[in-house]
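Coordinates from data_24.cif are shown below (mmCIF, C-alpha atoms).
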```
data_run
loop_
_atom_site.label_atom_id
_atom_site.label_comp_id
_atom_site.auth_asym_id
_atom_site.auth_seq_id
_atom_site.Cartn_x
_atom_site.Cartn_y
_atom_site.Cartn_z
CA MET M 1 27.54 1.77 -160.29
CA ALA M 2 26.61 4.02 -163.23
CA ALA M 3 27.09 2.75 -166.76
CA ARG M 4 30.06 4.02 -168.73
CA GLN M 5 29.22 6.98 -170.93
CA GLY M 6 30.39 7.87 -174.43
CA ALA M 7 33.85 6.75 -175.50
CA LYS M 8 34.46 5.18 -172.09
CA HIS M 9 31.90 2.46 -172.87
CA HIS M 10 33.60 -0.76 -173.93
CA ALA M 11 31.51 -1.09 -177.11
CA ALA M 12 31.72 2.54 -178.30
CA LYS M 13 32.53 3.02 -181.97
CA MET M 14 32.42 6.80 -181.79
CA THR M 15 34.69 9.23 -179.97
CA THR M 16 33.86 12.71 -178.74
CA ALA M 17 35.69 14.21 -181.72
CA LYS M 18 33.81 12.01 -184.20
CA VAL M 19 30.47 12.93 -182.63
CA ARG M 20 31.24 16.65 -182.91
CA GLN M 21 32.37 16.22 -186.50
CA ALA M 22 29.29 14.17 -187.47
CA ARG M 23 26.97 16.77 -185.94
CA LYS M 24 28.80 19.53 -187.78
CA TYR M 25 28.46 17.67 -191.09
CA PHE M 26 24.76 16.99 -190.49
CA ASP M 27 24.03 20.58 -189.45
CA SER M 28 25.64 21.83 -192.67
CA GLY M 29 22.82 20.14 -194.59
CA LYS M 30 25.22 18.42 -196.98
CA TRP M 31 25.20 15.01 -195.28
CA THR M 32 22.32 12.64 -194.59
CA ILE M 33 22.00 10.41 -191.56
CA ALA M 34 22.49 7.36 -193.80
CA ALA M 35 25.69 8.76 -195.32
CA LEU M 36 27.10 9.63 -191.90
CA ALA M 37 26.17 6.21 -190.52
CA GLU M 38 28.07 4.57 -193.35
CA LYS M 39 31.06 6.92 -192.97
CA TYR M 40 31.40 6.20 -189.24
CA ASP M 41 30.37 2.51 -189.46
CA VAL M 42 27.42 2.78 -187.10
CA SER M 43 23.76 1.97 -187.61
CA TRP M 44 21.30 4.48 -189.03
CA SER M 45 19.43 4.60 -185.72
CA ALA M 46 22.62 5.22 -183.72
CA MET M 47 23.58 8.12 -185.99
CA SER M 48 20.04 9.47 -185.83
CA HIS M 49 20.25 9.58 -182.03
CA ILE M 50 23.66 11.26 -182.22
CA VAL M 51 22.60 14.07 -184.59
CA ARG M 52 19.28 14.60 -182.75
CA ARG M 53 21.27 14.78 -179.51
CA THR M 54 19.35 12.03 -177.72
CA ALA M 55 22.62 10.07 -177.48
CA TRP M 56 25.97 11.51 -176.51
CA LYS M 57 24.12 14.31 -174.69
CA HIS M 58 27.24 15.17 -172.73
CA VAL M 59 28.98 16.31 -175.94
CA SER M 60 28.18 19.86 -176.93
#
```
Before anything else, please render the file you have as structure tokens.
Amino acid sequence: MAARQGAKHHAAKMTTAKVRQARKYFDSGKWTIAALAEKYDVSWSAMSHIVRRTAWKHVS
């Protein structure tokens, strides 16, 4: 059986909407990865993967 993806995973702290919003903030150049990680209560590395699109790839 395939692992749960995104918000369907039992340990997910982010939702699809939060991922889109975080990427939008980061792409604006006004937010750092560290600031976004703190805002969304995730680790720096998790947020880094989100904004670089190596995690949550299914979210455009």
Residue IDs satisfying the PyMOL selection byres ((chain M and resi 1-11) around 12), as a PyMOL selection string: chain M and resi 12-19+42+50+55-59
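Reported to one decimal place, the separation of CA of Ile33 in chain M from CA of Ser45 in chain M is 8.6 Å.
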Resolved residues for the PyMOL selection byres ((chain M and resi 34-39) around 12) as a list in words: Lys13, Met14, Lys18, Val19, Gln21, Ala22, Arg23, Lys24, Tyr25, Phe26, Asp27, Gly29, Lys30, Trp31, Thr32, Ile33, Tyr40, Asp41, Val42, Ser43, Trp44, Ser45, Ala46, Met47, Ser48, His49, Ile50 and Val51 of chain M
Enclose the full set of atoms of range 25-41 of chain M listed in the file within a box whose edges lie along x, y and z, apply 3 Å of padding to each of the six sides, and report centre and edge lengths in Å to one decimal as AutoDock Vina command-line options.
```
--center_x 26.7 --center_y 12.2 --center_z -193.1 --size_x 15.4 --size_y 25.3 --size_z 13.7
```
